[in-house]
Protein chains: 2
Amino acid sequence: MEISYKNLNSRRVAVFISGRGSNLKAMLNNEKNRILNGEISFIYSNEKNALGLNYAKKFNKDFESFPYKKKNEGHLLRILKAKNIDIIALAGFMKILSSHFIAKFKGLIVNIHPALLPSFPGLNAQKQAYDYGTKISGVTVHFVDNDLDGGIIIKQRAINIENCGNADAVTKKILRLEHKIYTEALNILLTKKWHIEGRHFIYE
Amino acid sequence: MEISYKNLNSRRVAVFISGRGSNLKAMLNNEKNRILNGEISFIYSNEKNALGLNYAKKFNKDFESFPYKKKNEGHLLRILKAKNIDIIALAGFMKILSSHFIAKFKGLIVNIHPALLPSFPGLNAQKQAYDYGTKISGVTVHFVDNDLDGGIIIKQRAINIENCGNADAVTKKILRLEHKIYTEALNILLTKKWHIEGRHFIYE
C-alpha cells in the first residue's frame, strides 16, 4: 500500500521486540515525559522470555508474546486492528515480516537500523562498521518493505566512531543515538506534515 | 606493499586529474596559503585537454598529460621517482590504476570519494545518494588498493543532504567539503603520526 500520512488516524504505536527492548524502554520513558507525541498501545514479542517485556509490565502496557509464524499472522493483525494501531515500530525485532503481513497491515511499519544505510545492512551493523574501518556511522529510521533494510529513509543521524577502539564501544555510542532518534522520527511521522516522492521522504 | 608512514620522506605530492580539477585547485590554494603541509610537485592528467591543467600552469607546477595505458605506466613511474613523489592524490582521476602500477609505486596512493563509503561506490556517488533518498552523505578519503573504492579509510566527514532537493545541489554541497577534507587528510598523513591495524587507520 501507498506510504502516506493518511494511514495515520489514532497516534497509537505498537512496538515489536525480541530481546532486551532498550529502544522500547527509551520510547516508554519518552512517552511518559511527553517527548513522544504518540501513545504506545501494544507491545509484541516473538520471544516469550524477552527481557523487554518487563518494561511492558512496568509501564502497564498491553502486550503479547507468541512466535512470529505464518499461522499466527492473522491473530497478530487482528490484535493490531482491534487496538487501532497506526504505526508498528520494530525495535530489535529479529524476525523478517512476511510480505503478506506487510501488505495486510493498514498503517505504517518502521524500523531503526544501527548504521547509515545503505552501508552495513543486516545483522551486527555496528561491528560491520567497526571492522570495515569507517570513521563515521550512525542510525537510520526507515519504512519497512520487502527489501531488508532497504525501505525509504525517514531520518538519519551520523556520529564519529573514529575513537571507539572496538565494536562494543561503537554499539554503545550508536545506542544512545537510537534512543533519541527513534522517538524523533515517530514524532515527525505523527505531524502528518510529510509526503513521499519516489524514494524521498519529504518533511515539510 | 605495506601502508606505512615510512613511505613518506619528501612531503612531495603528485595530483592525478582527468577533468576540471576543482580539488586540485583547492589543494594548490591551500598550499599557497600554507594550509597544506606538503608540496604539490607534479600534476598528471590522462586527458590532454583537462581544464584542470590550467591550474598547473597558473601555479607554475610541473605537469604532464598522456593517456593512462599499460605502455605508459613505466614512464609515469619513472617521473614520479625522479620527482621524489611520496603521495599520489587522485582528484577526479577517471582511470583505474593497474595493480602493477599500485605495486610498483613506492609511496602512498590516496583518493577522495564523494560519499560515505562503503555506501555508493563508483561513479556519480552524489546522484546515487540523492536517488536512494539518504538524509546524510559525505566525503571519504581512502588509500587506493585493487578494490575499487574499497581501500582503508583515512578520513570521513558527514553532511546532511536532506534539504538539497536535487542531485546537483548534493554535488555542490559535497564538493565544498571535499576541498577542505582532502587537504586535512593529506596533512594527517604527513604528520607521520599514524599507523594501520587491520583495516583501521589510527591517527595518534
# chains A, B, ... in the order shown; residues from 1 in each chain; ligands from 1

call {"tool": "interface_residues", "arguments": {"of": "chain A", "to": "chain B", "cutoff": "7 Å", "atoms": "only C-alpha atoms", "output": "VMD selection string"}}
result
chain A and resid 118 to 119 131 to 136 152 to 153 155 to 156 158 199 to 200

call {"tool": "residues_around", "arguments": {"residues": "stretch 87-103 of chain A", "least_positions_apart": "3", "cutoff": "6 Å", "atoms": "only C-alpha atoms", "output": "ChimeraX atom specification"}}
result
/A:13-18,23,107-111,146

call {"tool": "closest_residue", "arguments": {"among": "A:Phe59, A:Ile112, A:Tyr44, A:Lys106", "to": "A:Asn30", "atoms": "only C-alpha atoms"}}
result
A:Phe59

call {"tool": "residues_around", "arguments": {"residues": "A:Leu189", "least_positions_apart": "4", "cutoff": "9 Å", "atoms": "only C-alpha atoms", "output": "compact mmCIF listing (two decimals) with N, CA, C and O atoms, in the first residue's frame"}}
result
# COMPACT_ATOMS: atom_id res chain seq x y z
N TYR A 5 0.70 9.82 5.06
CA TYR A 5 0.25 10.23 6.40
C TYR A 5 -1.24 9.91 6.57
O TYR A 5 -1.75 9.91 7.68
N LEU A 8 -2.48 7.46 9.05
CA LEU A 8 -2.41 7.77 10.48
C LEU A 8 -3.71 8.41 10.96
O LEU A 8 -4.13 9.44 10.44
N ILE A 154 13.47 7.72 6.64
CA ILE A 154 12.74 8.82 7.29
C ILE A 154 13.71 9.79 7.94
O ILE A 154 13.60 11.00 7.81
N GLU A 184 12.17 10.83 17.79
CA GLU A 184 12.11 11.99 16.90
C GLU A 184 11.47 11.63 15.56
O GLU A 184 10.66 12.38 15.02
N ALA A 185 11.85 10.45 15.04
CA ALA A 185 11.29 10.02 13.75
C ALA A 185 9.78 9.75 13.87
O ALA A 185 9.01 10.14 13.00
N LYS A 193 2.93 16.04 8.45
CA LYS A 193 3.41 17.06 7.50
C LYS A 193 4.54 16.51 6.64
O LYS A 193 5.67 17.01 6.67
N TRP A 194 4.26 15.47 5.94
CA TRP A 194 5.29 14.83 5.12
C TRP A 194 4.60 14.11 3.97
O TRP A 194 3.41 13.84 4.00
N TYR A 203 9.81 15.99 4.55
CA TYR A 203 9.18 16.55 5.75
C TYR A 203 9.08 18.05 5.52
O TYR A 203 10.09 18.74 5.32

call {"tool": "closest_residue", "arguments": {"among": "B:Leu76, B:Leu175, B:Ile40, B:Val144", "to": "B:Arg11", "atoms": "only C-alpha atoms"}}
result
B:Ile40

call {"tool": "select_by_dssp", "arguments": {"residues": "stretch 163-194 of chain B", "states": "helix (DSSP H, G or I)", "output": "PyMOL selection string"}}
result
chain B and resi 167-191

call {"tool": "write_last_selection", "arguments": {"atoms": "N, CA, C and O atoms", "output": "mmCIF file, in the first residue's frame"}}
result
data_model
loop_
_atom_site.group_PDB
_atom_site.id
_atom_site.type_symbol
_atom_site.label_atom_id
_atom_site.label_comp_id
_atom_site.auth_asym_id
_atom_site.auth_seq_id
_atom_site.Cartn_x
_atom_site.Cartn_y
_atom_site.Cartn_z
ATOM 1 N N ALA B 167 20.102 16.320 -7.210
ATOM 2 C CA ALA B 167 21.438 15.726 -7.153
ATOM 3 C C ALA B 167 22.536 16.778 -7.331
ATOM 4 O O ALA B 167 23.611 16.675 -6.727
ATOM 5 N N ASP B 168 22.266 17.799 -8.140
ATOM 6 C CA ASP B 168 23.277 18.840 -8.353
ATOM 7 C C ASP B 168 23.576 19.592 -7.062
ATOM 8 O O ASP B 168 24.728 19.937 -6.781
ATOM 9 N N ALA B 169 22.545 19.875 -6.296
ATOM 10 C CA ALA B 169 22.748 20.566 -5.023
ATOM 11 C C ALA B 169 23.571 19.703 -4.072
ATOM 12 O O ALA B 169 24.420 20.213 -3.326
ATOM 13 N N VAL B 170 23.344 18.388 -4.105
ATOM 14 C CA VAL B 170 24.150 17.473 -3.285
ATOM 15 C C VAL B 170 25.609 17.558 -3.722
ATOM 16 O O VAL B 170 26.521 17.666 -2.894
ATOM 17 N N THR B 171 25.831 17.502 -5.027
ATOM 18 C CA THR B 171 27.187 17.547 -5.567
ATOM 19 C C THR B 171 27.909 18.815 -5.113
ATOM 20 O O THR B 171 29.066 18.752 -4.678
ATOM 21 N N LYS B 172 27.221 19.949 -5.189
ATOM 22 C CA LYS B 172 27.836 21.222 -4.786
ATOM 23 C C LYS B 172 28.185 21.229 -3.307
ATOM 24 O O LYS B 172 29.265 21.668 -2.918
ATOM 25 N N LYS B 173 27.260 20.754 -2.500
ATOM 26 C CA LYS B 173 27.476 20.772 -1.052
ATOM 27 C C LYS B 173 28.653 19.859 -0.688
ATOM 28 O O LYS B 173 29.485 20.207 0.147
ATOM 29 N N ILE B 174 28.699 18.699 -1.331
ATOM 30 C CA ILE B 174 29.776 17.744 -1.054
ATOM 31 C C ILE B 174 31.113 18.285 -1.560
ATOM 32 O O ILE B 174 32.147 18.107 -0.918
ATOM 33 N N LEU B 175 31.089 18.972 -2.684
ATOM 34 C CA LEU B 175 32.338 19.485 -3.271
ATOM 35 C C LEU B 175 33.019 20.490 -2.327
ATOM 36 O O LEU B 175 34.240 20.465 -2.157
ATOM 37 N N ARG B 176 32.204 21.335 -1.705
ATOM 38 C CA ARG B 176 32.782 22.296 -0.746
ATOM 39 C C ARG B 176 33.503 21.562 0.385
ATOM 40 O O ARG B 176 34.548 21.991 0.853
ATOM 41 N N LEU B 177 32.911 20.453 0.790
ATOM 42 C CA LEU B 177 33.509 19.637 1.847
ATOM 43 C C LEU B 177 34.790 18.969 1.336
ATOM 44 O O LEU B 177 35.819 18.953 2.031
ATOM 45 N N GLU B 178 34.743 18.439 0.123
ATOM 46 C CA GLU B 178 35.931 17.793 -0.471
ATOM 47 C C GLU B 178 37.137 18.718 -0.434
ATOM 48 O O GLU B 178 38.253 18.290 -0.122
ATOM 49 N N HIS B 179 36.901 19.985 -0.767
ATOM 50 C CA HIS B 179 38.012 20.942 -0.881
ATOM 51 C C HIS B 179 38.726 21.155 0.450
ATOM 52 O O HIS B 179 39.912 21.469 0.468
ATOM 53 N N LYS B 180 37.999 20.992 1.541
ATOM 54 C CA LYS B 180 38.617 21.089 2.867
ATOM 55 C C LYS B 180 39.257 19.766 3.296
ATOM 56 O O LYS B 180 40.385 19.720 3.773
ATOM 57 N N ILE B 181 38.470 18.700 3.129
ATOM 58 C CA ILE B 181 38.837 17.417 3.725
ATOM 59 C C ILE B 181 40.086 16.813 3.092
ATOM 60 O O ILE B 181 40.880 16.155 3.770
ATOM 61 N N TYR B 182 40.220 17.009 1.783
ATOM 62 C CA TYR B 182 41.339 16.344 1.117
ATOM 63 C C TYR B 182 42.659 16.874 1.677
ATOM 64 O O TYR B 182 43.583 16.104 1.993
ATOM 65 N N THR B 183 42.746 18.182 1.825
ATOM 66 C CA THR B 183 43.954 18.772 2.403
ATOM 67 C C THR B 183 44.147 18.313 3.858
ATOM 68 O O THR B 183 45.264 17.980 4.263
ATOM 69 N N GLU B 184 43.062 18.278 4.605
ATOM 70 C CA GLU B 184 43.158 17.815 6.001
ATOM 71 C C GLU B 184 43.695 16.385 6.074
ATOM 72 O O GLU B 184 44.532 16.066 6.924
ATOM 73 N N ALA B 185 43.214 15.537 5.168
ATOM 74 C CA ALA B 185 43.660 14.141 5.171
ATOM 75 C C ALA B 185 45.144 14.047 4.801
ATOM 76 O O ALA B 185 45.904 13.286 5.419
ATOM 77 N N LEU B 186 45.560 14.817 3.806
ATOM 78 C CA LEU B 186 46.978 14.809 3.418
ATOM 79 C C LEU B 186 47.834 15.305 4.590
ATOM 80 O O LEU B 186 48.902 14.742 4.872
ATOM 81 N N ASN B 187 47.362 16.334 5.260
ATOM 82 C CA ASN B 187 48.114 16.842 6.415
ATOM 83 C C ASN B 187 48.259 15.782 7.507
ATOM 84 O O ASN B 187 49.320 15.653 8.124
ATOM 85 N N ILE B 188 47.193 15.043 7.735
ATOM 86 C CA ILE B 188 47.262 13.958 8.729
ATOM 87 C C ILE B 188 48.314 12.937 8.304
ATOM 88 O O ILE B 188 49.158 12.529 9.105
ATOM 89 N N LEU B 189 48.268 12.539 7.033
ATOM 90 C CA LEU B 189 49.265 11.571 6.544
ATOM 91 C C LEU B 189 50.677 12.104 6.771
ATOM 92 O O LEU B 189 51.575 11.374 7.211
ATOM 93 N N LEU B 190 50.862 13.387 6.495
ATOM 94 C CA LEU B 190 52.206 13.969 6.533
ATOM 95 C C LEU B 190 52.739 14.147 7.966
ATOM 96 O O LEU B 190 53.943 14.322 8.153
ATOM 97 N N THR B 191 51.840 14.075 8.948
ATOM 98 C CA THR B 191 52.326 14.125 10.343
ATOM 99 C C THR B 191 53.174 12.909 10.671
ATOM 100 O O THR B 191 53.963 12.938 11.610
#

call {"tool": "atom_distance", "arguments": {"atom1": "atom CA of A:Asn60", "atom2": "atom CA of A:Lys192"}}
result
27.9 Å

call {"tool": "atom_distance", "arguments": {"atom1": "atom CA of A:Ser41", "atom2": "atom CA of A:Ala115"}}
result
27.7 Å

call {"tool": "atom_distance", "arguments": {"atom1": "atom CA of A:Lys69", "atom2": "atom CA of A:Ser45"}}
result
12.1 Å

call {"tool": "residues_around", "arguments": {"residues": "A:Ile79", "least_positions_apart": "4", "cutoff": "12 Å", "atoms": "only C-alpha atoms", "output": "list of chain:residue names"}}
result
A:Ala14, A:Ser41, A:Phe42, A:Ile43, A:Tyr44, A:Asp62, A:Phe63, A:Glu64, A:Ser65, A:Asn72, A:Glu73, A:Gly74, A:His75, A:Lys83, A:Asn84, A:Ile85, A:Phe105
